[in-house]
Amino acid sequence: MTDRIIEFLNARRRAGRDDGPCMVLDLNVVRSNYAAFAQSLPDTRVFYAVKANPAPEILSLLSDLGSCFDIASVVEAEQVLATGCSPDRISFGNTIKKERDIARAYELGIRLFAVDCDAEVEKIARVAPNSKVFCRILCDGAGAEWPLSRKFGCVPEMAVGVLEHAHRLGLQAYGVSFHVGSQQRNPRMWDGALKSASGIFRELGERGIHLQMVNLGGGFPTKYLKDVPAVRAYGQSIFRSLRKHFGNRIPETIIEPGRGMVGNAGMIEAEVVLISRKSADDTVKWVYLDIGKFNGLAETMDEMIRYPIRTDFDGDEVEACVLAGPTCDSVDVLYEKDPYFLPVSLEIGAKVLIEGTGAYTTTYSAVGFNGFPPLKSYVI
Ligand SMILES: *Cc1c(COP(=O)(O)O)cnc(C)c1O
């Protein structure tokens, strides 16, 4: 929430351009988030996770600030390269890639790839010879509000074999990566993964293969309803664990913040479409917004991410509401198991401001499901 965003929304309304929900993102907040990461982890390179929000203005700003980028597809690579960023500042961090996409990335100059199994190593060896590869290890995502467990990574014992395979096939076995789960509210959760990483370094070292890099992943939180520790606390905790597990041979490190870089820079303005009850004595009120799971708020899935919502009626008495989106799909309900408390005086047609929506909103939005357009995005 910044004054610049409020001024932008007021000007939009005065100009009569109020045509549905939109996400407004303030680049000044991204700039200060980048500075906080750089300061709190001074010896660590920042690779912004593009999927969190690939708006060209964000990519250009971060590119100018010297950031590197974590990409998951050829399109994301092209979006980053369009800012003038050189390919040696890009990491292809998706462990699931088509061989022809690896070949295309190699053609574009990318030489750093993630793997988590032998088959992926073999694809890279065939079409991206000599590249650096890092192996992702599983993390259970405990303590995270949006866990990324199971789908990516292999067990640490297997990572040794995968990296050795890469070495034998002429690739540079470069390091280990992990992701402790997105919106990770516990800065100590990096410790276990760093312990596993140091074990992999040691074991491969004994076989004459010397890894250099630990990719600490993303997971740095943004503030929603609950308070979160500052980036500084994460920096200190990670540094302590690096010392503990690697002694005085601390490897090169990188981080891949997505949510923590852009989440608090964005805010959505939406509108109350309908307020109703299901029976005369219903104890909860249903509040339907013009935004839901399909046009920006996908992360309310299983009610995992709870956004702070502000209204012009804040301060009035509140009551329990089920909050739902506008589409004719019954999964398009945002908060029901754990109802959301909104002012009794809230009216149909009122605007609501949804904070902390700079990450994982615009790009999760469906293209015209039920005729509702994708979420509009303004970067200021
Ligand atoms: C999504 C993703 C990130 C970003 O995670 P955040 O929790 O948003 O910081 C980082 N690295 C990889 C490989 C990812 O897939």
# chains A, B, ... in the order shown; residues from 1 in each chain; ligands from 1

$ closest_atom_pairs --of "chain A" --to "ligand 1" --cutoff "10 Å" --atoms "only C-alpha atoms and all ligand atoms" --output "Markdown table"
| residue | atom | partner | partner_atom_place_in_ligand_line | distance |
| --- | --- | --- | --- | --- |
| A:Phe47 | CA | ligand 1 | 10 (C) | 8.3 |
| A:Tyr48 | CA | ligand 1 | 10 (C) | 7.6 |
| A:Ala49 | CA | ligand 1 | 4 (C) | 4.9 |
| A:Val50 | CA | ligand 1 | 4 (C) | 8.0 |
| A:Lys51 | CA | ligand 1 | 1 (C) | 6.4 |
| A:Ala52 | CA | ligand 1 | 8 (O) | 6.0 |
| A:Asn53 | CA | ligand 1 | 8 (O) | 9.5 |
| A:Phe69 | CA | ligand 1 | 11 (N) | 9.7 |
| A:Asp70 | CA | ligand 1 | 11 (N) | 6.6 |
| A:Ile71 | CA | ligand 1 | 13 (C) | 7.9 |
| A:Ala72 | CA | ligand 1 | 15 (O) | 7.3 |
| A:Ser91 | CA | ligand 1 | 13 (C) | 9.3 |
| A:Phe92 | CA | ligand 1 | 13 (C) | 8.5 |
| A:Gly93 | CA | ligand 1 | 13 (C) | 5.0 |
| A:Asn94 | CA | ligand 1 | 13 (C) | 5.9 |
| A:Thr95 | CA | ligand 1 | 13 (C) | 8.1 |
| A:Ala114 | CA | ligand 1 | 13 (C) | 8.3 |
| A:Arg136 | CA | ligand 1 | 13 (C) | 8.7 |
| A:Ala144 | CA | ligand 1 | 7 (O) | 9.0 |
| A:Glu145 | CA | ligand 1 | 7 (O) | 9.6 |
| A:Trp146 | CA | ligand 1 | 7 (O) | 7.8 |
| A:Pro147 | CA | ligand 1 | 7 (O) | 8.7 |
| A:Leu148 | CA | ligand 1 | 15 (O) | 8.3 |
| A:Phe152 | CA | ligand 1 | 13 (C) | 8.7 |
| A:Ser177 | CA | ligand 1 | 13 (C) | 8.3 |
| A:Phe178 | CA | ligand 1 | 13 (C) | 7.7 |
| A:His179 | CA | ligand 1 | 11 (N) | 6.4 |
| A:Val180 | CA | ligand 1 | 7 (O) | 8.1 |
| A:Gly181 | CA | ligand 1 | 7 (O) | 6.2 |
| A:Ser182 | CA | ligand 1 | 7 (O) | 3.4 |
| A:Gln183 | CA | ligand 1 | 7 (O) | 5.6 |
| A:Gln184 | CA | ligand 1 | 7 (O) | 7.4 |
| A:Asn215 | CA | ligand 1 | 11 (N) | 8.8 |
| A:Leu216 | CA | ligand 1 | 11 (N) | 8.5 |
| A:Gly217 | CA | ligand 1 | 11 (N) | 4.8 |
| A:Gly218 | CA | ligand 1 | 9 (O) | 3.4 |
| A:Gly219 | CA | ligand 1 | 7 (O) | 3.5 |
| A:Phe220 | CA | ligand 1 | 9 (O) | 5.3 |
| A:Pro221 | CA | ligand 1 | 7 (O) | 7.0 |
| A:Thr222 | CA | ligand 1 | 8 (O) | 9.1 |
| A:Ile255 | CA | ligand 1 | 10 (C) | 7.7 |
| A:Glu256 | CA | ligand 1 | 10 (C) | 4.5 |
| A:Pro257 | CA | ligand 1 | 9 (O) | 3.7 |
| A:Gly258 | CA | ligand 1 | 8 (O) | 3.5 |
| A:Arg259 | CA | ligand 1 | 8 (O) | 3.7 |
| A:Gly260 | CA | ligand 1 | 9 (O) | 5.7 |
| A:Met261 | CA | ligand 1 | 9 (O) | 7.5 |
| A:Val262 | CA | ligand 1 | 8 (O) | 8.8 |
| A:Gly263 | CA | ligand 1 | 8 (O) | 8.5 |
| A:Ala359 | CA | ligand 1 | 8 (O) | 7.4 |
| A:Tyr360 | CA | ligand 1 | 8 (O) | 8.0 |

$ select_by_dssp --residues "segment 312-378 of chain A" --states "strand (DSSP E or B)" --output "VMD selection string"
chain A and resid 314 316 318 to 324 333 to 343 351 to 355 376 to 378

$ closest_residue --among "A:Arg89, A:Arg188, A:Lys351, A:Lys278" --to "Phe313 of chain A" --atoms "only C-alpha atoms"
A:Lys351

$ atom_distance --atom1 "atom CA of Thr327 of chain A" --atom2 "atom CA of Glu269 of chain A"
17.5 Å

$ closest_residue --among "A:Ser279, A:Thr363, A:Ser63, A:Ser40" --to "Tyr234 of chain A" --atoms "only C-alpha atoms"
A:Ser40

$ residues_around --residues "Ala105 of chain A" --least-positions-apart "4" --cutoff "8 Å" --atoms "only C-alpha atoms" --output "PDB file with N, CA and C atoms, in the first residue's frame"
ATOM      1  N   VAL A  74      11.252 -20.885 -22.193  1.00  0.00           N
ATOM      2  CA  VAL A  74      11.939 -20.084 -23.206  1.00  0.00           C
ATOM      3  C   VAL A  74      11.317 -18.686 -23.293  1.00  0.00           C
ATOM      4  N   ALA A  77      12.741 -16.571 -20.697  1.00  0.00           N
ATOM      5  CA  ALA A  77      14.122 -16.206 -21.069  1.00  0.00           C
ATOM      6  C   ALA A  77      14.104 -15.025 -22.038  1.00  0.00           C
ATOM      7  N   ASP A 101      13.491 -27.102 -25.801  1.00  0.00           N
ATOM      8  CA  ASP A 101      13.559 -25.829 -25.073  1.00  0.00           C
ATOM      9  C   ASP A 101      14.948 -25.617 -24.455  1.00  0.00           C
ATOM     10  N   GLY A 109      22.193 -18.512 -25.306  1.00  0.00           N
ATOM     11  CA  GLY A 109      23.391 -18.220 -24.511  1.00  0.00           C
ATOM     12  C   GLY A 109      23.318 -18.668 -23.066  1.00  0.00           C
ATOM     13  N   ILE A 110      22.230 -19.332 -22.696  1.00  0.00           N
ATOM     14  CA  ILE A 110      22.080 -19.758 -21.298  1.00  0.00           C
ATOM     15  C   ILE A 110      22.908 -21.024 -21.039  1.00  0.00           C
TER      16      ILE A 110
END

$ closest_residue --among "A:Phe372, A:Arg243, A:Lys223, A:Ala142" --to "Lys195 of chain A" --atoms "only C-alpha atoms"
A:Arg243

$ atom_distance --atom1 "atom CA of Val133 of chain A" --atom2 "atom CA of Ser149 of chain A"
20.9 Å
